[in-house]
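Novice: Structure file start15.cif (mmCIF, C-alpha atoms) right here:
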```cif
data_upload
loop_
_atom_site.group_PDB
_atom_site.id
_atom_site.type_symbol
_atom_site.label_atom_id
_atom_site.label_comp_id
_atom_site.auth_asym_id
_atom_site.auth_seq_id
_atom_site.Cartn_x
_atom_site.Cartn_y
_atom_site.Cartn_z
ATOM 1 C CA MET A 177 8.807 160.148 -160.904
ATOM 2 C CA PRO A 178 12.001 161.416 -162.641
ATOM 3 C CA ASP A 179 15.392 160.504 -161.195
ATOM 4 C CA GLY A 180 16.712 162.982 -158.680
ATOM 5 C CA THR A 181 13.329 164.411 -157.725
ATOM 6 C CA LYS A 182 12.212 161.890 -155.122
ATOM 7 C CA THR A 183 12.587 162.314 -151.366
ATOM 8 C CA ALA A 184 13.280 159.625 -148.791
ATOM 9 C CA LEU A 185 12.743 159.273 -145.058
ATOM 10 C CA LEU A 186 14.829 156.769 -143.090
ATOM 11 C CA PHE A 187 14.332 155.434 -139.573
ATOM 12 C CA GLY A 188 17.215 153.397 -138.135
ATOM 13 C CA ALA A 189 20.051 155.115 -139.977
ATOM 14 C CA THR A 190 22.611 154.304 -137.280
ATOM 15 C CA GLY A 191 21.991 150.540 -137.415
ATOM 16 C CA PHE A 192 23.674 147.949 -139.623
ATOM 17 C CA ILE A 193 21.244 147.872 -142.558
ATOM 18 C CA GLY A 194 20.094 151.442 -141.946
ATOM 19 C CA GLY A 195 23.638 152.740 -142.232
ATOM 20 C CA LEU A 196 24.126 150.942 -145.541
ATOM 21 C CA LEU A 197 20.786 152.235 -146.763
ATOM 22 C CA LEU A 198 21.767 155.787 -145.909
ATOM 23 C CA ARG A 199 24.977 155.476 -147.900
ATOM 24 C CA GLY A 200 23.022 154.222 -150.898
ATOM 25 C CA LEU A 201 20.367 156.912 -150.657
ATOM 26 C CA LEU A 202 22.980 159.655 -150.505
ATOM 27 C CA ALA A 203 25.192 158.189 -153.225
ATOM 28 C CA GLY A 204 22.392 157.383 -155.660
ATOM 29 C CA GLY A 205 20.769 159.711 -158.132
ATOM 30 C CA ASP A 206 17.145 158.933 -157.321
ATOM 31 C CA HIS A 207 16.693 161.294 -154.390
ATOM 32 C CA ALA A 208 17.086 165.031 -154.072
ATOM 33 C CA ARG A 209 16.602 164.936 -150.311
ATOM 34 C CA VAL A 210 17.076 162.318 -147.593
ATOM 35 C CA THR A 211 15.772 162.827 -144.045
ATOM 36 C CA ILE A 212 16.841 160.592 -141.169
ATOM 37 C CA VAL A 213 15.245 160.328 -137.726
ATOM 38 C CA VAL A 214 17.742 159.278 -135.047
ATOM 39 C CA ARG A 215 17.941 159.299 -131.264
ATOM 40 C CA ARG A 216 21.357 160.935 -131.357
ATOM 41 C CA ASP A 217 22.798 163.097 -134.110
ATOM 42 C CA PRO A 218 25.591 161.059 -135.766
ATOM 43 C CA GLY A 219 27.212 164.260 -136.994
ATOM 44 C CA LEU A 220 26.986 163.420 -140.701
ATOM 45 C CA ALA A 221 27.097 166.167 -143.310
ATOM 46 C CA HIS A 222 25.856 165.880 -146.892
ATOM 47 C CA PRO A 223 24.073 168.328 -149.214
ATOM 48 C CA LYS A 224 21.076 165.997 -149.486
ATOM 49 C CA LEU A 225 20.858 165.118 -145.809
ATOM 50 C CA THR A 226 18.519 166.459 -143.125
ATOM 51 C CA THR A 227 18.894 165.015 -139.623
ATOM 52 C CA LEU A 228 16.008 165.036 -137.145
ATOM 53 C CA VAL A 229 16.614 163.962 -133.562
ATOM 54 C CA GLY A 230 13.650 162.066 -132.167
ATOM 55 C CA ASP A 231 12.154 158.741 -131.117
ATOM 56 C CA LEU A 232 8.751 157.136 -130.616
ATOM 57 C CA ASP A 233 7.818 159.546 -127.835
ATOM 58 C CA THR A 234 8.752 162.697 -129.755
ATOM 59 C CA LEU A 235 7.570 161.551 -133.181
ATOM 60 C CA PRO A 236 4.368 163.661 -133.089
ATOM 61 C CA SER A 237 6.428 166.831 -132.671
ATOM 62 C CA LEU A 238 8.284 166.040 -135.912
ATOM 63 C CA ALA A 239 5.128 165.462 -137.960
ATOM 64 C CA GLY A 240 5.526 168.597 -140.047
ATOM 65 C CA ARG A 241 9.040 167.637 -141.136
ATOM 66 C CA LEU A 242 8.474 164.027 -142.234
ATOM 67 C CA GLY A 243 7.347 164.631 -145.796
ATOM 68 C CA ALA A 244 8.845 162.143 -148.273
ATOM 69 C CA ASP A 245 7.909 159.888 -151.156
ATOM 70 C CA ASP A 246 9.441 156.744 -149.650
ATOM 71 C CA VAL A 247 9.930 155.734 -146.022
ATOM 72 C CA HIS A 248 12.547 153.119 -145.176
ATOM 73 C CA ILE A 249 12.244 151.529 -141.732
ATOM 74 C CA ALA A 250 15.237 149.602 -140.411
ATOM 75 C CA LEU A 251 14.457 149.810 -136.710
ATOM 76 C CA GLY A 252 15.117 147.015 -134.261
ATOM 77 C CA THR A 253 16.973 145.903 -131.184
ATOM 78 C CA THR A 254 18.044 142.692 -129.449
ATOM 79 C CA LYS A 255 16.831 140.845 -126.371
ATOM 80 C CA LYS A 256 20.298 141.345 -124.893
ATOM 81 C CA LYS A 257 19.945 145.120 -125.135
ATOM 82 C CA VAL A 258 16.264 145.210 -124.186
ATOM 83 C CA PRO A 259 15.357 142.111 -122.144
ATOM 84 C CA ASP A 260 11.943 143.441 -121.081
ATOM 85 C CA GLU A 261 9.347 142.232 -123.602
ATOM 86 C CA ALA A 262 7.146 145.322 -123.357
ATOM 87 C CA ALA A 263 10.101 147.636 -123.980
ATOM 88 C CA TYR A 264 11.317 145.384 -126.798
ATOM 89 C CA ARG A 265 7.902 145.524 -128.469
ATOM 90 C CA ARG A 266 7.928 149.324 -128.356
ATOM 91 C CA VAL A 267 11.117 149.332 -130.419
ATOM 92 C CA ASP A 268 10.308 146.466 -132.789
ATOM 93 C CA HIS A 269 6.574 147.026 -133.254
ATOM 94 C CA ASP A 270 5.229 150.319 -131.970
ATOM 95 C CA TYR A 271 7.928 152.571 -133.385
ATOM 96 C CA PRO A 272 7.952 151.091 -136.927
ATOM 97 C CA VAL A 273 4.150 151.183 -137.130
ATOM 98 C CA GLN A 274 3.925 154.753 -135.859
ATOM 99 C CA ALA A 275 6.798 155.825 -138.123
ATOM 100 C CA ALA A 276 5.006 154.410 -141.165
ATOM 101 C CA ALA A 277 1.728 156.030 -140.089
ATOM 102 C CA ALA A 278 3.394 159.423 -139.603
ATOM 103 C CA ALA A 279 5.119 159.157 -142.991
ATOM 104 C CA LYS A 280 1.841 158.249 -144.690
ATOM 105 C CA ALA A 281 0.131 161.239 -143.072
ATOM 106 C CA ALA A 282 2.953 163.419 -144.444
ATOM 107 C CA GLY A 283 2.438 162.121 -147.981
ATOM 108 C CA ALA A 284 4.586 158.987 -148.349
ATOM 109 C CA THR A 285 3.367 156.497 -150.940
ATOM 110 C CA GLY A 286 5.900 153.721 -150.350
ATOM 111 C CA VAL A 287 7.089 151.937 -147.207
ATOM 112 C CA PHE A 288 10.071 149.576 -147.108
ATOM 113 C CA LEU A 289 10.305 147.602 -143.870
ATOM 114 C CA VAL A 290 13.094 145.374 -142.557
ATOM 115 C CA SER A 291 11.586 142.355 -140.807
ATOM 116 C CA ALA A 292 12.892 138.797 -140.358
ATOM 117 C CA VAL A 293 12.463 135.397 -141.956
ATOM 118 C CA GLY A 294 9.758 133.397 -140.211
ATOM 119 C CA ALA A 295 7.800 136.459 -139.107
ATOM 120 C CA ASP A 296 4.281 135.359 -138.203
ATOM 121 C CA ALA A 297 1.699 137.208 -136.134
ATOM 122 C CA ALA A 298 0.373 133.830 -134.953
ATOM 123 C CA SER A 299 3.766 132.452 -133.879
ATOM 124 C CA SER A 300 4.302 131.188 -130.343
ATOM 125 C CA VAL A 301 7.827 132.659 -130.469
ATOM 126 C CA PHE A 302 7.801 136.224 -129.129
ATOM 127 C CA TYR A 303 10.397 137.550 -131.575
ATOM 128 C CA LEU A 304 8.709 136.113 -134.674
ATOM 129 C CA ARG A 305 5.250 137.076 -133.427
ATOM 130 C CA THR A 306 6.369 140.678 -132.862
ATOM 131 C CA LYS A 307 7.879 140.872 -136.344
ATOM 132 C CA GLY A 308 4.723 139.378 -137.827
ATOM 133 C CA GLU A 309 2.486 141.825 -135.984
ATOM 134 C CA THR A 310 4.649 144.689 -137.210
ATOM 135 C CA GLU A 311 4.352 143.509 -140.809
ATOM 136 C CA ARG A 312 0.585 143.100 -140.435
ATOM 137 C CA ASP A 313 0.043 146.506 -138.891
ATOM 138 C CA VAL A 314 2.290 148.366 -141.337
ATOM 139 C CA ALA A 315 0.525 146.698 -144.280
ATOM 140 C CA ALA A 316 -2.852 147.614 -142.759
ATOM 141 C CA LEU A 317 -1.945 151.305 -143.060
ATOM 142 C CA GLY A 318 -2.585 150.941 -146.770
ATOM 143 C CA LEU A 319 0.366 152.764 -148.317
ATOM 144 C CA PRO A 320 0.132 152.122 -152.061
ATOM 145 C CA ARG A 321 3.552 150.407 -152.212
ATOM 146 C CA THR A 322 4.412 148.224 -149.217
ATOM 147 C CA HIS A 323 7.553 146.083 -149.349
ATOM 148 C CA VAL A 324 8.688 143.826 -146.492
ATOM 149 C CA PHE A 325 12.209 142.384 -146.376
ATOM 150 C CA ARG A 326 12.820 139.195 -144.408
ATOM 151 C CA PRO A 327 16.527 138.399 -144.065
ATOM 152 C CA SER A 328 17.773 135.440 -142.043
ATOM 153 C CA MET A 329 21.405 135.539 -140.914
ATOM 154 C CA LEU A 330 22.828 138.962 -141.768
ATOM 155 C CA LEU A 331 26.373 138.736 -143.051
ATOM 156 C CA GLY A 332 28.918 141.533 -143.211
ATOM 157 C CA GLN A 333 31.105 143.664 -141.003
ATOM 158 C CA ARG A 334 29.352 145.409 -138.123
ATOM 159 C CA GLU A 335 30.731 148.194 -135.988
ATOM 160 C CA GLU A 336 29.427 146.588 -132.798
ATOM 161 C CA HIS A 337 31.644 144.083 -130.985
ATOM 162 C CA ARG A 338 29.691 140.802 -130.983
ATOM 163 C CA PRO A 339 32.233 137.946 -130.735
ATOM 164 C CA LEU A 340 29.666 135.115 -130.711
ATOM 165 C CA GLU A 341 27.748 136.561 -133.648
ATOM 166 C CA ARG A 342 30.966 137.040 -135.605
ATOM 167 C CA ALA A 343 31.878 133.408 -135.013
ATOM 168 C CA ILE A 344 28.456 132.262 -136.250
ATOM 169 C CA ILE A 345 28.710 134.497 -139.321
ATOM 170 C CA ALA A 346 32.158 133.116 -140.122
ATOM 171 C CA GLY A 347 30.823 129.567 -140.094
ATOM 172 C CA TRP A 348 27.511 130.260 -141.782
ATOM 173 C CA PRO A 349 28.696 129.446 -145.362
ATOM 174 C CA LEU A 350 29.150 125.854 -144.152
ATOM 175 C CA VAL A 351 25.446 125.785 -143.273
ATOM 176 C CA ASP A 352 24.145 127.575 -146.358
ATOM 177 C CA TRP A 353 24.807 124.722 -148.768
ATOM 178 C CA LEU A 354 22.459 122.505 -146.722
ATOM 179 C CA LEU A 355 19.606 124.982 -147.104
ATOM 180 C CA VAL A 356 17.891 123.926 -150.315
ATOM 181 C CA GLY A 357 14.325 123.957 -151.595
ATOM 182 C CA GLY A 358 11.986 125.638 -149.142
ATOM 183 C CA LEU A 359 14.866 126.141 -146.721
ATOM 184 C CA ARG A 360 16.660 128.546 -149.077
ATOM 185 C CA ARG A 361 14.878 131.446 -147.409
ATOM 186 C CA PHE A 362 17.012 130.806 -144.319
ATOM 187 C CA ARG A 363 20.277 131.324 -146.165
ATOM 188 C CA GLY A 364 22.535 134.117 -144.983
ATOM 189 C CA ILE A 365 22.619 137.391 -146.883
ATOM 190 C CA GLU A 366 24.997 140.320 -146.878
ATOM 191 C CA GLY A 367 23.610 143.425 -145.195
ATOM 192 C CA GLY A 368 24.641 145.357 -148.287
ATOM 193 C CA ASP A 369 22.459 143.120 -150.460
ATOM 194 C CA VAL A 370 19.447 143.800 -148.240
ATOM 195 C CA ALA A 371 20.058 147.540 -148.567
ATOM 196 C CA ARG A 372 20.486 147.261 -152.354
ATOM 197 C CA ALA A 373 17.287 145.237 -152.578
ATOM 198 C CA MET A 374 15.380 147.903 -150.658
ATOM 199 C CA LEU A 375 16.700 150.672 -152.871
ATOM 200 C CA ALA A 376 15.869 148.679 -156.007
ATOM 201 C CA ALA A 377 12.345 147.908 -154.777
ATOM 202 C CA ALA A 378 11.735 151.600 -154.169
ATOM 203 C CA ARG A 379 12.089 152.136 -157.919
ATOM 204 C CA ASP A 380 9.112 149.877 -158.639
ATOM 205 C CA PRO A 381 5.981 152.027 -159.097
ATOM 206 C CA ALA A 382 3.581 149.063 -159.043
ATOM 207 C CA PRO A 383 1.112 149.100 -156.125
ATOM 208 C CA GLY A 384 0.608 146.250 -153.691
ATOM 209 C CA VAL A 385 2.152 144.416 -150.750
ATOM 210 C CA ARG A 386 5.281 142.406 -151.517
ATOM 211 C CA ILE A 387 7.266 140.094 -149.261
ATOM 212 C CA HIS A 388 10.959 139.659 -150.108
ATOM 213 C CA GLU A 389 12.918 136.711 -148.760
ATOM 214 C CA TRP A 390 16.380 135.413 -149.677
ATOM 215 C CA ALA A 391 15.845 134.701 -153.383
ATOM 216 C CA SER A 392 13.925 137.899 -154.077
ATOM 217 C CA MET A 393 16.403 140.075 -152.196
ATOM 218 C CA ARG A 394 19.353 138.484 -153.977
ATOM 219 C CA ALA A 395 17.689 139.035 -157.359
ATOM 220 C CA LEU A 396 16.952 142.683 -156.621
ATOM 221 C CA ALA A 397 20.487 143.238 -155.320
ATOM 222 C CA ALA A 398 22.008 141.536 -158.372
ATOM 223 C CA GLY A 399 19.982 143.772 -160.664
ATOM 224 C CA ALA A 400 21.283 146.825 -158.831
ATOM 225 C CA ALA A 401 24.845 145.549 -159.156
ATOM 226 C CA ASP A 402 24.370 144.959 -162.889
ATOM 227 C CA ARG A 403 23.291 148.593 -163.246
ATOM 228 C CA GLY A 404 26.501 149.676 -161.542
ATOM 229 C CA GLU A 405 24.773 151.014 -158.451
ATOM 230 C CA ALA A 406 26.877 151.274 -155.305
ATOM 231 C CA LEU A 407 26.219 152.000 -151.635
ATOM 232 C CA ALA A 408 28.953 154.625 -151.483
#
```
Can you give me the file's structure in the form of structure tokens?

Specialist:
Amino acid sequence: MPDGTKTALLFGATGFIGGLLLRGLLAGGDHARVTIVVRRDPGLAHPKLTTLVGDLDTLPSLAGRLGADDVHIALGTTKKKVPDEAAYRRVDHDYPVQAAAAAKAAGATGVFLVSAVGADAASSVFYLRTKGETERDVAALGLPRTHVFRPSMLLGQREEHRPLERAIIAGWPLVDWLLVGGLRRFRGIEGGDVARAMLAAARDPAPGVRIHEWASMRALAAGAADRGEALA
């Protein structure tokens, strides 16, 4: 599809990676229109941007306005914010799967999902099992292009005040050099590189399901940087 004629749909635009993705989608020349679905209107204005206020419960009412070529899903929460496992699963599993299904029904041909390293539907760890089930169920929808991104430690400046997380991030480079061979997938990655990797993957017209971990995301992000692409 020619540059500037595609349309994108983004869930999770007010989160860390989602916010970076939105900047890239609006700044880039690939998309003529970008639609975001958010719980609260962030008050952003841009000629390309359409903001829809909704969530998992109201998603069916938005069905007629979700048309797009690509759907980017950067939804998620933390156990600290949502300690109840059933409520957590609604955010981390049910909403992404239903968002992808609604986008497919509206004509989307590509889905780009943020997951986590170690995701496994058979895991005994609730977090990793939930991520794995989300990956499995999104892939089962059968969108022609399905890309899953599995970052480990996300590096970069967040708006939220998380002192412990900031301390871990600051010290993470000391850990990274120990992660070699098969452990490289656990290396930290800048949130901006994840967003760049997602935007770069959306340019690939080849069908299939692809899993992107540290090395793949870094390669995609580096290619975007070499082309002079920016997130803002």

Novice: Any idea what's packed within 12 Å of range 394-408 of chain A, counting all atoms listed in the file, ignoring anything in its chain fewer than 4 positions away? Could you give it as a ChimeraX atom specification?

Specialist: /A:193-206,325-327,360-361,363-380,388-390

Novice: Name the residues that the PyMOL selection byres ((chain A and resi 251) around 7) pulls out of this structure, and write them as a compact mmCIF listing (two decimals) with C-alpha atoms, keeping the file's coordinate frame.

Specialist:
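Once written, expr_26.txt looks like this:
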```txt
# COMPACT_ATOMS: atom_id res chain seq x y z
CA PHE A 187 14.33 155.43 -139.57
CA GLY A 188 17.22 153.40 -138.14
CA ILE A 249 12.24 151.53 -141.73
CA ALA A 250 15.24 149.60 -140.41
CA GLY A 252 15.12 147.01 -134.26
CA ASP A 268 10.31 146.47 -132.79
CA PRO A 272 7.95 151.09 -136.93
```

Novice: Once the PyMOL selection byres ((chain A and resi 180) around 6) is applied to the coordinates I shared, what remains selected? I want it as a compact mmCIF listing (two decimals) with C-alpha atoms, in the frame of the given file.

Specialist:
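Result saved to result.txt:
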```
# COMPACT_ATOMS: atom_id res chain seq x y z
CA ASP A 179 15.39 160.50 -161.20
CA THR A 181 13.33 164.41 -157.72
CA LYS A 182 12.21 161.89 -155.12
CA GLY A 205 20.77 159.71 -158.13
CA ASP A 206 17.14 158.93 -157.32
CA HIS A 207 16.69 161.29 -154.39
CA ALA A 208 17.09 165.03 -154.07
```

Novice: From the set A:Leu331, A:Arg209, A:Val273, A:Val290, which residue has the shortest atom-to-atom contact distance to Arg312 in chain A, counting only C-alpha atoms?

Specialist: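 Smallest distance to Arg312 in chain A is found for A:Val273.
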
Novice: At a cut-off of 7 Å, using only C-alpha atoms, what residues contact Arg386 in chain A? Leave out same-chain residues fewer than 6 positions from it and give the result as a ChimeraX atom specification.

Specialist: /A:322-324

Novice: Please measure the separation of CA of Lys224 in chain A and CA of Gln274 in chain A, giving the value in Å to one decimal.

Specialist: 24.6 Å

Novice: Could you tell me which residues the PyMOL selection byres ((chain A and resi 221) around 12) grabs in this file, written as a ChimeraX atom specification?

Specialist: /A:198-199,202,210-212,217-220,222-227

Novice: In Å, how far is it from CA of Gly286 in chain A to CA of Tyr264 in chain A?

Specialist: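 Between these atoms lies a distance of 25.6 Å.
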
Novice: Please identify all polymer residues within 9 Å of Leu232 in chain A, counting only C-alpha atoms, omitting same-chain residues fewer than 2 positions from it, and present them as a ChimeraX atom specification.

Specialist: /A:230,234-236,266-267,270-272,274-275

Novice: Counting only C-alpha atoms, note down every residue that has an atom within 8 Å of the point (1.8, 139.7, -135.0) (file coordinates), as a ChimeraX atom specification.

Specialist: /A:295-299,304-312

Novice: Could you please determine the separation between CA of Ala382 in chain A and CA of Leu242 in chain A in Å, to one decimal place?

Specialist: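 Interatomic distance, CA of Ala382 in chain A to CA of Leu242 in chain A: 23.0 Å.
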